[in-house]
>>> print(open('data-v9.pdb').read())   # PDB, C-alpha atoms and all ligand atoms
MODEL        1
ATOM      1  CA  MET A  22     -69.116  49.086 219.034  1.00  0.00           C
ATOM      2  CA  PRO A  23     -68.788  46.346 216.492  1.00  0.00           C
ATOM      3  CA  ASP A  24     -70.887  47.592 213.775  1.00  0.00           C
ATOM      4  CA  LEU A  25     -73.046  46.489 210.890  1.00  0.00           C
ATOM      5  CA  ILE A  26     -73.693  44.389 208.487  1.00  0.00           C
ATOM      6  CA  GLY A  27     -72.430  42.546 205.506  1.00  0.00           C
ATOM      7  CA  MET A  28     -73.569  39.289 204.011  1.00  0.00           C
ATOM      8  CA  HIS A  29     -71.784  36.030 204.565  1.00  0.00           C
ATOM      9  CA  PHE A  30     -73.063  32.862 202.891  1.00  0.00           C
ATOM     10  CA  GLY A  31     -76.403  34.613 202.662  1.00  0.00           C
ATOM     11  CA  GLY A  32     -76.592  35.470 206.361  1.00  0.00           C
ATOM     12  CA  PRO A  33     -76.066  38.750 208.151  1.00  0.00           C
ATOM     13  CA  LEU A  34     -72.648  39.375 209.589  1.00  0.00           C
ATOM     14  CA  LEU A  35     -71.266  41.906 212.018  1.00  0.00           C
ATOM     15  CA  VAL A  36     -68.276  43.579 210.460  1.00  0.00           C
ATOM     16  CA  HIS A  37     -68.164  47.347 210.783  1.00  0.00           C
ATOM     17  CA  ASP A  38     -70.168  50.427 210.105  1.00  0.00           C
ATOM     18  CA  PRO A  39     -70.207  51.192 206.362  1.00  0.00           C
ATOM     19  CA  ALA A  40     -69.221  54.759 207.211  1.00  0.00           C
ATOM     20  CA  ARG A  41     -65.841  53.475 208.397  1.00  0.00           C
ATOM     21  CA  CYS A  42     -64.887  52.286 204.928  1.00  0.00           C
ATOM     22  CA  ALA A  43     -66.780  54.832 202.826  1.00  0.00           C
ATOM     23  CA  GLY A  44     -65.047  55.415 199.510  1.00  0.00           C
ATOM     24  CA  GLN A  45     -62.270  52.946 200.311  1.00  0.00           C
ATOM     25  CA  ARG A  46     -61.510  49.307 199.710  1.00  0.00           C
ATOM     26  CA  CYS A  47     -63.592  46.945 201.823  1.00  0.00           C
ATOM     27  CA  CYS A  48     -64.118  43.184 201.601  1.00  0.00           C
ATOM     28  CA  ILE A  49     -67.859  43.662 202.168  1.00  0.00           C
ATOM     29  CA  HIS A  50     -68.873  47.052 200.892  1.00  0.00           C
ATOM     30  CA  ASN A  51     -66.389  47.777 198.123  1.00  0.00           C
ATOM     31  CA  PRO A  52     -64.251  44.815 197.053  1.00  0.00           C
ATOM     32  CA  SER A  53     -61.294  45.619 194.863  1.00  0.00           C
ATOM     33  CA  ASP A  54     -60.491  43.753 191.678  1.00  0.00           C
ATOM     34  CA  HIS A  55     -58.273  41.100 193.234  1.00  0.00           C
ATOM     35  CA  LEU A  56     -57.631  37.502 192.299  1.00  0.00           C
ATOM     36  CA  MET A  57     -60.036  36.057 194.850  1.00  0.00           C
ATOM     37  CA  ARG A  58     -62.985  38.379 194.532  1.00  0.00           C
ATOM     38  CA  ASP A  59     -65.312  35.702 193.158  1.00  0.00           C
ATOM     39  CA  TRP A  60     -64.458  33.133 195.806  1.00  0.00           C
ATOM     40  CA  PRO A  61     -66.784  32.458 198.739  1.00  0.00           C
ATOM     41  CA  GLN A  62     -66.086  34.531 201.814  1.00  0.00           C
ATOM     42  CA  LEU A  63     -65.679  32.999 205.231  1.00  0.00           C
ATOM     43  CA  TRP A  64     -65.705  35.144 208.355  1.00  0.00           C
ATOM     44  CA  ARG A  65     -63.315  33.771 210.958  1.00  0.00           C
ATOM     45  CA  ASP A  66     -64.926  34.799 214.190  1.00  0.00           C
ATOM     46  CA  ASP A  67     -62.007  33.395 216.190  1.00  0.00           C
ATOM     47  CA  ARG A  68     -59.514  35.642 214.399  1.00  0.00           C
ATOM     48  CA  GLN A  69     -61.882  38.487 213.457  1.00  0.00           C
ATOM     49  CA  LEU A  70     -60.655  38.025 209.922  1.00  0.00           C
ATOM     50  CA  MET A  71     -62.345  37.679 206.550  1.00  0.00           C
ATOM     51  CA  GLU A  72     -61.057  34.829 204.447  1.00  0.00           C
ATOM     52  CA  ARG A  73     -61.671  33.726 200.888  1.00  0.00           C
ATOM     53  CA  VAL A  74     -62.003  30.001 200.353  1.00  0.00           C
ATOM     54  CA  CYS A  75     -60.314  28.525 197.289  1.00  0.00           C
ATOM     55  CA  ARG A  76     -61.619  25.480 195.444  1.00  0.00           C
ATOM     56  CA  HIS A  77     -59.408  23.259 197.608  1.00  0.00           C
ATOM     57  CA  GLY A  78     -61.103  24.457 200.764  1.00  0.00           C
ATOM     58  CA  ALA A  79     -58.138  26.491 202.003  1.00  0.00           C
ATOM     59  CA  GLY A  80     -58.857  29.876 203.589  1.00  0.00           C
ATOM     60  CA  HIS A  81     -56.845  32.893 202.460  1.00  0.00           C
ATOM     61  CA  PRO A  82     -57.159  36.302 204.124  1.00  0.00           C
ATOM     62  CA  ASP A  83     -59.213  38.698 202.041  1.00  0.00           C
ATOM     63  CA  PRO A  84     -56.789  41.398 200.840  1.00  0.00           C
ATOM     64  CA  ASP A  85     -59.462  44.044 201.228  1.00  0.00           C
ATOM     65  CA  ASP A  86     -59.976  43.032 204.848  1.00  0.00           C
ATOM     66  CA  LEU A  87     -56.226  43.300 205.446  1.00  0.00           C
ATOM     67  CA  ASP A  88     -56.250  46.656 203.724  1.00  0.00           C
ATOM     68  CA  TYR A  89     -59.045  47.841 205.990  1.00  0.00           C
ATOM     69  CA  LYS A  90     -57.172  46.660 209.074  1.00  0.00           C
ATOM     70  CA  ARG A  91     -53.980  48.390 207.948  1.00  0.00           C
ATOM     71  CA  ARG A  92     -55.889  51.624 207.639  1.00  0.00           C
ATOM     72  CA  THR A  93     -57.803  51.361 210.887  1.00  0.00           C
ATOM     73  CA  ARG A  94     -55.414  49.572 213.248  1.00  0.00           C
ATOM     74  CA  GLY A  95     -51.874  50.264 212.074  1.00  0.00           C
ATOM     75  CA  ASP A  96     -49.771  48.067 209.883  1.00  0.00           C
ATOM     76  CA  GLU A  97     -47.818  45.941 212.334  1.00  0.00           C
ATOM     77  CA  TYR A  98     -50.793  43.978 213.534  1.00  0.00           C
ATOM     78  CA  ALA A  99     -52.302  43.691 210.075  1.00  0.00           C
ATOM     79  CA  HIS A 100     -49.065  42.178 208.823  1.00  0.00           C
ATOM     80  CA  TYR A 101     -49.508  39.199 211.126  1.00  0.00           C
ATOM     81  CA  GLU A 102     -53.141  38.839 210.149  1.00  0.00           C
ATOM     82  CA  GLY A 103     -51.961  38.036 206.651  1.00  0.00           C
ATOM     83  CA  ILE A 104     -49.993  34.967 207.735  1.00  0.00           C
ATOM     84  CA  HIS A 105     -51.883  31.790 206.945  1.00  0.00           C
ATOM     85  CA  GLY A 106     -51.561  28.180 205.895  1.00  0.00           C
ATOM     86  CA  CYS A 107     -51.511  28.760 202.172  1.00  0.00           C
ATOM     87  CA  ASP A 108     -51.683  26.356 199.245  1.00  0.00           C
ATOM     88  CA  GLY A 109     -50.562  29.088 196.849  1.00  0.00           C
ATOM     89  CA  CYS A 110     -53.951  30.001 195.432  1.00  0.00           C
ATOM     90  CA  CYS A 111     -54.171  33.558 196.790  1.00  0.00           C
ATOM     91  CA  SER A 112     -51.005  34.544 194.950  1.00  0.00           C
ATOM     92  CA  GLY A 113     -51.857  32.591 191.821  1.00  0.00           C
ATOM     93  CA  ARG A 114     -49.127  30.004 192.372  1.00  0.00           C
ATOM     94  CA  CYS A 115     -51.464  27.031 192.661  1.00  0.00           C
ATOM     95  CA  ASP A 116     -51.710  24.780 189.640  1.00  0.00           C
ATOM     96  CA  GLY A 117     -53.911  22.034 191.129  1.00  0.00           C
TER      97      GLY A 117
HETATM   98 ZN    ZN B 201     -66.943  48.065 204.809  1.00  0.00          ZN
HETATM   99 ZN    ZN B 202     -56.224  26.260 196.698  1.00  0.00          ZN
HETATM  100 ZN    ZN B 203     -53.110  31.978 200.611  1.00  0.00          ZN
ENDMDL
END
>>> encode(input="data-v9.pdb", output="C-alpha cells")
Amino acid sequence: MPDLIGMHFGGPLLVHDPARCAGQRCCIHNPSDHLMRDWPQLWRDDRQLMERVCRHGAGHPDPDDLDYKRRTRGDEYAHYEGIHGCDGCCSGRCDG
C-alpha cells in the first residue's frame, strides 16, 4: 500500500507511511542537512522519485529520498535512481 502523506508545493502527496522512516533520514519527514534542503521539492510521479529543483529549473534527486530507497529496496536499484541530467548544482559544482 502506498502510504501517506507529505507536502509538495503545498498539496498533499502520497509517499510512504511515516512509520517506515521513523528515526531515519527522509526527504519528507526528516530531511538531513544537505546542500539542497532549502530548494523546492518536486515529486516525479513517473519515476516515483523526489527531486529538488535548483534555481535553473533542473531537477536533482533528493539525497534523502535515495537514502530511503537504499534502505528499503536494496542499493542496486537506488543507484540508478540517482542518475539524472545534472547541471552541477546538487554537488555544488555549479557557478551560474
Ligand atoms: Zn518519511
Ligand atoms: Zn542549477
Ligand atoms: Zn544534480
>>> residues_near_point(input="data-v9.pdb", point="(-57.3, 27.6, 198.9)", cutoff="10 Å", atoms="all atoms listed in the file", output="list in words")
Met57, Trp60, Glu72, Arg73, Val74, Cys75, Arg76, His77, Gly78, Ala79, Gly80, His81, Gly106, Cys107, Asp108, Gly109, Cys110, Cys111 and Cys115 of chain A
>>> write_last_selection(input="data-v9.pdb", atoms="C-alpha atoms", output="PDB file, in the coordinates of the input")
ATOM      1  CA  MET A  57     -60.036  36.057 194.850  1.00  0.00           C
ATOM      2  CA  TRP A  60     -64.458  33.133 195.806  1.00  0.00           C
ATOM      3  CA  GLU A  72     -61.057  34.829 204.447  1.00  0.00           C
ATOM      4  CA  ARG A  73     -61.671  33.726 200.888  1.00  0.00           C
ATOM      5  CA  VAL A  74     -62.003  30.001 200.353  1.00  0.00           C
ATOM      6  CA  CYS A  75     -60.314  28.525 197.289  1.00  0.00           C
ATOM      7  CA  ARG A  76     -61.619  25.480 195.444  1.00  0.00           C
ATOM      8  CA  HIS A  77     -59.408  23.259 197.608  1.00  0.00           C
ATOM      9  CA  GLY A  78     -61.103  24.457 200.764  1.00  0.00           C
ATOM     10  CA  ALA A  79     -58.138  26.491 202.003  1.00  0.00           C
ATOM     11  CA  GLY A  80     -58.857  29.876 203.589  1.00  0.00           C
ATOM     12  CA  HIS A  81     -56.845  32.893 202.460  1.00  0.00           C
ATOM     13  CA  GLY A 106     -51.561  28.180 205.895  1.00  0.00           C
ATOM     14  CA  CYS A 107     -51.511  28.760 202.172  1.00  0.00           C
ATOM     15  CA  ASP A 108     -51.683  26.356 199.245  1.00  0.00           C
ATOM     16  CA  GLY A 109     -50.562  29.088 196.849  1.00  0.00           C
ATOM     17  CA  CYS A 110     -53.951  30.001 195.432  1.00  0.00           C
ATOM     18  CA  CYS A 111     -54.171  33.558 196.790  1.00  0.00           C
ATOM     19  CA  CYS A 115     -51.464  27.031 192.661  1.00  0.00           C
TER      20      CYS A 115
END
>>> atom_distance(input="data-v9.pdb", atom1="atom CA of A:Met71", atom2="atom CA of A:Asp83")
5.6 Å
>>> residues_near_ligand(input="data-v9.pdb", ligand="ligand ZN 201 (chain B)", cutoff="9 Å", atoms="all atoms listed in the file", output="ChimeraX atom specification")
/A:25-27,36-43,45-52,86,89
>>> atom_distance(input="data-v9.pdb", atom1="atom CA of A:Pro82", atom2="atom CA of A:Gly103")
6.0 Å
>>> resolve_selection(input="data-v9.pdb", expression="the PyMOL selection byres (((chain A and resi 68) around 12) and not hetatm)", output="PDB file with C-alpha atoms, in the frame of the given file")
ATOM      1  CA  LEU A  63     -65.679  32.999 205.231  1.00  0.00           C
ATOM      2  CA  TRP A  64     -65.705  35.144 208.355  1.00  0.00           C
ATOM      3  CA  ARG A  65     -63.315  33.771 210.958  1.00  0.00           C
ATOM      4  CA  ASP A  66     -64.926  34.799 214.190  1.00  0.00           C
ATOM      5  CA  ASP A  67     -62.007  33.395 216.190  1.00  0.00           C
ATOM      6  CA  GLN A  69     -61.882  38.487 213.457  1.00  0.00           C
ATOM      7  CA  LEU A  70     -60.655  38.025 209.922  1.00  0.00           C
ATOM      8  CA  MET A  71     -62.345  37.679 206.550  1.00  0.00           C
ATOM      9  CA  GLU A  72     -61.057  34.829 204.447  1.00  0.00           C
ATOM     10  CA  PRO A  82     -57.159  36.302 204.124  1.00  0.00           C
ATOM     11  CA  ALA A  99     -52.302  43.691 210.075  1.00  0.00           C
ATOM     12  CA  TYR A 101     -49.508  39.199 211.126  1.00  0.00           C
ATOM     13  CA  GLU A 102     -53.141  38.839 210.149  1.00  0.00           C
ATOM     14  CA  GLY A 103     -51.961  38.036 206.651  1.00  0.00           C
ATOM     15  CA  ILE A 104     -49.993  34.967 207.735  1.00  0.00           C
ATOM     16  CA  HIS A 105     -51.883  31.790 206.945  1.00  0.00           C
TER      17      HIS A 105
END
>>> atom_distance(input="data-v9.pdb", atom1="atom ZN of ligand ZN 203 (chain B)", atom2="atom CA of A:Leu56")
11.0 Å
>>> closest_residue(input="data-v9.pdb", among="A:Asp85, A:Arg92, A:Gly113, A:Gln62", to="ligand ZN 203 (chain B)", atoms="all atoms listed in the file")
A:Gly113
>>> closest_residue(input="data-v9.pdb", among="A:Pro84, A:Arg58, A:Arg91, A:His100", to="ligand ZN 203 (chain B)", atoms="all atoms listed in the file")
A:Pro84
>>> closest_residue(input="data-v9.pdb", among="A:Asp59, A:Leu87, A:Ser53, A:Arg114", to="ligand ZN 202 (chain B)", atoms="only C-alpha atoms and all ligand atoms")
A:Arg114
